[in-house]
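Listing of target_5.txt, compact mmCIF, C-alpha atoms and all ligand atoms
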# COMPACT_ATOMS: atom_id res chain seq x y z
CA MET A 80 26.05 -9.02 -7.10
CA GLU A 81 23.44 -11.15 -8.81
CA LYS A 82 20.99 -10.69 -5.97
CA PHE A 83 21.46 -6.94 -6.10
CA LEU A 84 20.72 -6.86 -9.82
CA GLY A 85 17.53 -8.81 -9.22
CA LYS A 86 16.12 -6.28 -6.77
CA LYS A 87 13.06 -4.36 -7.88
CA ASN A 88 13.05 -0.61 -7.53
CA VAL A 89 9.95 0.27 -5.54
CA ALA A 90 8.10 3.52 -4.88
CA VAL A 91 5.59 3.80 -2.06
CA PHE A 92 2.65 6.23 -2.02
CA ILE A 93 1.23 7.17 1.38
CA SER A 94 -1.24 9.70 2.75
CA GLY A 95 -0.75 9.71 6.51
CA ARG A 96 0.56 7.62 9.38
CA GLY A 97 2.72 5.30 7.29
CA SER A 98 2.84 2.22 9.52
CA ASN A 99 2.68 -0.07 6.48
CA LEU A 100 5.51 1.93 4.91
CA LYS A 101 7.53 1.36 8.07
CA PHE A 102 7.24 -2.39 7.63
CA LEU A 103 8.06 -2.21 3.93
CA ILE A 104 11.22 -0.23 4.73
CA LYS A 105 12.16 -2.75 7.41
CA TYR A 106 11.79 -5.59 4.91
CA SER A 107 13.72 -3.72 2.20
CA LYS A 108 16.69 -3.51 4.54
CA SER A 109 16.63 -7.17 5.46
CA LYS A 110 19.07 -9.70 4.10
CA ASN A 111 17.97 -11.10 0.71
CA SER A 112 15.14 -8.58 0.35
CA LEU A 113 13.72 -8.48 -3.17
CA ILE A 114 13.10 -4.76 -3.15
CA ASN A 115 14.86 -1.47 -2.89
CA ILE A 116 12.63 1.43 -1.86
CA ALA A 117 13.89 4.30 -3.98
CA LEU A 118 11.09 6.81 -3.54
CA VAL A 119 8.23 7.69 -1.19
CA ILE A 120 5.54 10.16 -2.25
CA SER A 121 2.65 11.57 -0.27
CA ASN A 122 -0.29 13.68 -1.38
CA ASN A 123 0.05 15.42 1.97
CA PRO A 124 3.24 17.33 2.92
CA ASN A 125 2.46 16.77 6.62
CA ALA A 126 2.08 13.00 6.39
CA LYS A 127 3.69 11.53 9.47
CA GLY A 128 4.86 8.54 7.48
CA LEU A 129 7.35 10.67 5.55
CA GLU A 130 9.49 10.63 8.71
CA TYR A 131 10.13 6.91 8.23
CA ALA A 132 11.53 7.64 4.79
CA ASN A 133 13.61 10.52 6.13
CA LYS A 134 15.07 8.37 8.89
CA SER A 135 16.13 5.81 6.32
CA LYS A 136 17.43 8.45 3.92
CA ILE A 137 14.94 7.46 1.23
CA LYS A 138 14.09 10.20 -1.25
CA ASN A 139 10.64 11.45 -0.28
CA ILE A 140 8.27 14.19 -1.30
CA GLY A 141 5.01 15.47 0.15
CA TYR A 142 3.10 17.34 -2.49
CA LYS A 143 0.47 19.87 -1.63
CA TYR A 144 -2.47 18.28 -3.43
CA ILE A 145 -3.97 20.75 -5.88
CA ASN A 146 -5.73 18.35 -8.19
CA LYS A 147 -5.41 14.80 -9.48
CA LYS A 148 -3.92 15.73 -12.82
CA ILE A 149 -1.15 17.94 -11.43
CA PHE A 150 -0.33 15.43 -8.68
CA GLU A 151 -0.28 12.43 -10.98
CA ASN A 152 1.85 14.15 -13.63
CA LYS A 153 4.46 15.08 -11.02
CA CYS A 154 4.43 11.49 -9.76
CA LEU A 155 4.77 9.98 -13.24
CA LYS A 156 7.86 12.10 -13.91
CA LEU A 157 9.48 11.00 -10.65
CA LEU A 158 8.59 7.33 -11.14
CA LYS A 159 10.38 7.50 -14.47
CA LYS A 160 13.35 9.41 -13.09
CA TYR A 161 13.86 6.87 -10.31
CA LYS A 162 13.35 3.93 -12.69
CA ILE A 163 10.59 2.47 -10.56
CA ASP A 164 9.58 -1.12 -11.39
CA VAL A 165 6.75 -1.54 -8.89
CA LEU A 166 4.54 0.96 -7.09
CA CYS A 167 3.13 0.05 -3.67
CA LEU A 168 0.21 1.98 -2.23
CA ALA A 169 0.30 1.97 1.57
CA GLY A 170 -2.54 3.90 3.11
CA PHE A 171 -2.74 6.08 0.02
CA MET A 172 -6.20 7.61 0.11
CA LYS A 173 -6.51 8.99 -3.42
CA ILE A 174 -7.87 7.02 -6.35
CA LEU A 175 -5.40 6.79 -9.22
CA SER A 176 -6.85 7.66 -12.62
CA SER A 177 -6.87 5.19 -15.50
CA ASN A 178 -4.61 7.63 -17.33
CA PHE A 179 -2.01 7.30 -14.55
CA ILE A 180 -2.27 3.50 -14.50
CA LYS A 181 -1.88 3.30 -18.27
CA ASN A 182 1.04 5.72 -18.36
CA PHE A 183 2.95 4.09 -15.52
CA SER A 184 2.39 0.69 -17.14
CA LYS A 185 4.14 -1.25 -14.36
CA PRO A 186 2.55 -3.25 -11.53
CA ILE A 187 0.78 -1.33 -8.77
CA LEU A 188 0.03 -3.14 -5.50
CA ASN A 189 -2.23 -2.07 -2.66
CA ILE A 190 -3.00 -3.15 0.89
CA HIS A 191 -6.68 -2.94 1.78
CA PRO A 192 -8.25 -3.41 5.23
CA SER A 193 -10.95 -5.93 4.31
CA LEU A 194 -11.43 -9.36 2.84
CA LEU A 195 -11.95 -8.23 -0.74
CA PRO A 196 -14.19 -8.35 -2.72
CA LYS A 197 -16.09 -7.41 0.43
CA TYR A 198 -16.00 -3.76 1.48
CA LYS A 199 -14.19 -1.91 -1.25
CA GLY A 200 -13.57 1.73 -0.39
CA LEU A 201 -13.79 3.27 3.07
CA ASN A 202 -15.11 2.38 6.55
CA THR A 203 -14.41 -1.31 6.08
CA HIS A 204 -14.43 -2.23 9.79
CA TYR A 205 -17.64 -0.35 10.50
CA ARG A 206 -19.35 -2.14 7.63
CA ALA A 207 -18.09 -5.59 8.69
CA LEU A 208 -19.37 -5.02 12.24
CA LYS A 209 -22.68 -3.63 11.05
CA ASN A 210 -23.23 -6.72 8.91
CA LYS A 211 -22.38 -8.94 11.86
CA ASP A 212 -19.62 -10.67 9.87
CA LYS A 213 -17.77 -13.49 11.57
CA PHE A 214 -14.45 -12.60 9.98
CA ALA A 215 -12.48 -9.51 9.07
CA GLY A 216 -9.07 -9.26 7.47
CA ALA A 217 -6.80 -7.64 4.95
CA SER A 218 -5.95 -8.12 1.28
CA VAL A 219 -2.93 -7.44 -0.87
CA HIS A 220 -4.09 -6.90 -4.43
CA LEU A 221 -3.08 -5.49 -7.78
CA VAL A 222 -4.51 -2.11 -8.68
CA ASN A 223 -6.55 -1.75 -11.85
CA GLU A 224 -8.91 0.89 -13.12
CA LYS A 225 -11.74 -0.21 -10.84
CA LEU A 226 -11.55 0.65 -7.13
CA ASP A 227 -10.10 -2.20 -5.01
CA SER A 228 -10.93 -4.70 -7.75
CA GLY A 229 -7.59 -5.96 -9.12
CA ARG A 230 -6.34 -9.53 -8.73
CA ILE A 231 -6.01 -10.61 -5.11
CA ILE A 232 -2.49 -11.77 -4.26
CA LEU A 233 -2.79 -12.60 -0.57
CA GLN A 234 -5.37 -12.38 2.20
CA LYS A 235 -5.46 -13.18 5.88
CA LYS A 236 -8.53 -13.31 8.05
CA ILE A 237 -9.21 -13.05 11.74
CA ARG A 238 -12.33 -13.85 13.71
CA ILE A 239 -14.45 -10.90 14.83
CA LEU A 240 -15.18 -11.20 18.53
CA LYS A 241 -18.38 -10.07 20.25
CA LYS A 242 -16.45 -7.45 22.17
CA ASP A 243 -14.86 -5.95 19.04
CA ASN A 244 -15.55 -2.39 17.98
CA THR A 245 -14.19 -0.44 15.01
CA LYS A 246 -11.15 0.62 17.01
CA SER A 247 -10.16 -2.83 18.23
CA LEU A 248 -10.81 -4.34 14.82
CA GLU A 249 -8.73 -1.69 13.10
CA LYS A 250 -5.85 -2.42 15.44
CA LYS A 251 -6.00 -6.17 14.85
CA VAL A 252 -6.37 -5.87 11.08
CA LEU A 253 -3.50 -3.36 10.88
CA LYS A 254 -1.25 -5.92 12.55
CA ILE A 255 -2.19 -8.40 9.85
CA GLU A 256 -1.58 -5.81 7.13
CA HIS A 257 1.97 -5.36 8.36
CA GLN A 258 2.56 -9.09 7.95
CA ILE A 259 0.86 -9.75 4.67
CA TYR A 260 1.97 -6.74 2.68
CA VAL A 261 5.56 -7.91 2.68
CA LYS A 262 4.51 -11.54 2.14
CA GLY A 263 2.24 -10.49 -0.72
CA ILE A 264 5.00 -8.51 -2.41
CA ILE A 265 7.36 -11.48 -2.16
CA LYS A 266 4.68 -13.82 -3.48
CA TYR A 267 3.97 -11.52 -6.40
CA LEU A 268 7.61 -10.93 -7.32
CA THR A 269 8.63 -14.57 -7.09
CA ASN A 270 5.78 -15.61 -9.38
CA LEU A 271 6.40 -13.03 -12.08
C1 LIG B 1 -4.32 0.97 6.49
O1 LIG B 1 -5.27 0.31 7.28
C2 LIG B 1 -4.57 0.68 5.02
O2 LIG B 1 -4.99 -0.60 4.75
C3 LIG B 1 -5.67 1.67 4.74
O3 LIG B 1 -5.30 2.83 5.44
C4 LIG B 1 -4.52 2.47 6.57
C5 LIG B 1 -3.21 3.22 6.49
O4 LIG B 1 -2.40 2.98 7.61
N1 LIG B 1 -5.78 1.90 3.34
C6 LIG B 1 -6.95 2.11 2.73
O5 LIG B 1 -8.00 2.13 3.32
C7 LIG B 1 -6.84 2.33 1.24
N2 LIG B 1 -8.11 2.33 0.65
P1 LIG B 1 -0.86 3.32 7.59
O6 LIG B 1 -0.73 4.74 7.03
O7 LIG B 1 -0.44 3.26 9.03
O8 LIG B 1 -0.16 2.32 6.72
Will you turn the file into structure tokens for me?
Amino acid sequence: MEKFLGKKNVAVFISGRGSNLKFLIKYSKSKNSLINIALVISNNPNAKGLEYANKSKIKNIGYKYINKKIFENKCLKLLKKYKIDVLCLAGFMKILSSNFIKNFSKPILNIHPSLLPKYKGLNTHYRALKNKDKFAGASVHLVNEKLDSGRIILQKKIRILKKDNTKSLEKKVLKIEHQIYVKGIIKYLTNL
């Protein structure tokens, strides 16, 4: 009973494929997991990732995105309704406004496909290859009002090989993301 009471109620925001969501759901169902995923929201009603939530009978909604304000207000209401303690962004491709962050007022975590502070924003693998970087990787970080700039919780890097291209790098980094997002959440929650 004690363990159950200690679980954090988590919402996950996605925009598309949802492979990170899949791993978060898998973890949430594992023995001694620290989280309960109570809600999944997408800014795209056709997001493939919503199927993972459906399969696991997790409440999920795909909103037709009209504008930031309408979307965020709907989300804030639901986050309150479902008593969400922590919000995890997993391939969520919209930038949350400072108004949303202030109003939610609980931790927001994100997984980003680069070794932050390098390559905030999009096309991270292309930029790492173009700059002839030796390493690529992924970061779990807190979300603040500046894009991809909140405190870094966990990172993992891999070597970029001569034969790598954006596709191969994306595949390798995604594999790392699946490992470190869960680890980062655990690290964050156990250090609160
Ligand atoms: C992941 O690589 C994630 O890091 C990235 O989108 C992909 C989503 O994959 N997120 C961002 O770039 C956010 N700025 P998924 O839908 O299979 O989890």
Output as a Markdown table one row per residue of chain A within 7 Å of ligand LIG 1 (chain B): the closest atom pair and its distance in Å to one decimal place, counting only C-alpha atoms and all ligand atoms, sorted by chain and residue number ascending.
| residue | atom | partner | partner_atom | distance |
| --- | --- | --- | --- | --- |
| A:Ile93 | CA | B:LIG1 | O6 | 6.5 |
| A:Ser94 | CA | B:LIG1 | O6 | 6.6 |
| A:Gly95 | CA | B:LIG1 | O6 | 5.0 |
| A:Arg96 | CA | B:LIG1 | O6 | 3.9 |
| A:Gly97 | CA | B:LIG1 | O6 | 3.5 |
| A:Ser98 | CA | B:LIG1 | O7 | 3.5 |
| A:Asn99 | CA | B:LIG1 | O8 | 3.7 |
| A:Leu100 | CA | B:LIG1 | O8 | 6.0 |
| A:Gly128 | CA | B:LIG1 | O6 | 6.8 |
| A:Ala169 | CA | B:LIG1 | O8 | 5.2 |
| A:Gly170 | CA | B:LIG1 | C5 | 3.5 |
| A:Phe171 | CA | B:LIG1 | C7 | 5.7 |
| A:Met172 | CA | B:LIG1 | C7 | 5.4 |
| A:Ile190 | CA | B:LIG1 | O2 | 5.0 |
| A:His191 | CA | B:LIG1 | O2 | 4.1 |
| A:Pro192 | CA | B:LIG1 | O2 | 4.3 |
| A:Gly200 | CA | B:LIG1 | N2 | 5.6 |
| A:Leu201 | CA | B:LIG1 | O5 | 5.9 |
| A:Leu253 | CA | B:LIG1 | O1 | 5.4 |
| A:Glu256 | CA | B:LIG1 | O2 | 6.7 |
Next on the checklist: Env of region 187-189 of chain A: 9 Å cut, atoms = all atoms listed in the file, seq-sep filter 2 positions within chain, self excluded. Answer as a PyMOL selection string.
Outcome noted: chain A and resi 165-171+180+183-185+191+218-223+227+229+260+264
Item to check | Residue with smallest distance to His204 (chain A) - pool A:Ile149, A:Ala132, A:Leu118, A:Leu248, counting all atoms listed in the file | outcome: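 Of A:Ile149, A:Ala132, A:Leu118, A:Leu248, the one nearest His204 (chain A) is A:Leu248, counting all atoms listed in the file.
Going from CA of Lys156 (chain A) to CA of Glu224 (chain A) covers 20.2 Å.
When only C-alpha atoms are used to compute distances to Val89 (chain A), the closest of the residues A:Lys138, A:Lys242, A:Lys181, A:Lys199 turns out to be A:Lys138.
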Checklist entry - Quick one, how far is CA of Arg206 (chain A) from CA of Ser247 (chain A)? => result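 Here the two named atoms are 14.0 Å from each other.
CA of Lys159 (chain A) is found 23.1 Å from CA of Ala126 (chain A).
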Next on the checklist: Report as number ranges by chain all protein, DNA and RNA residues lying within 9 Å of Ala215 (chain A), evaluated on only C-alpha atoms, omitting residues in the same chain fewer than 4 positions from it.
Outcome noted: A: 192-194, 203-204, 207-208, 235-239, 248, 252
Item to check | Long-range neighbours of Leu155 (chain A) as an MDAnalysis selection string, 9 Å cut-off, only C-alpha atoms, 5 positions minimum in chain | outcome: chainID A and resid 150 160 179 182:183
Next on the checklist: If we count all atoms listed in the file and set the cut-off at 9 Å, which residues sit around Ala117 (chain A), ignoring sequence neighbours fewer than 4 positions away in its own chain? Please answer as a PyMOL selection string.
Outcome noted: chain A and resi 88-91+137-139+161-163
Item to check | Distance criterion (all atoms listed in the file): nearest to Lys147 (chain A) out of A:Lys209, A:Lys241, A:Lys173, A:Lys254 | outcome: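 Going through A:Lys209, A:Lys241, A:Lys173, A:Lys254 one by one, the smallest distance to Lys147 (chain A) is for A:Lys173.
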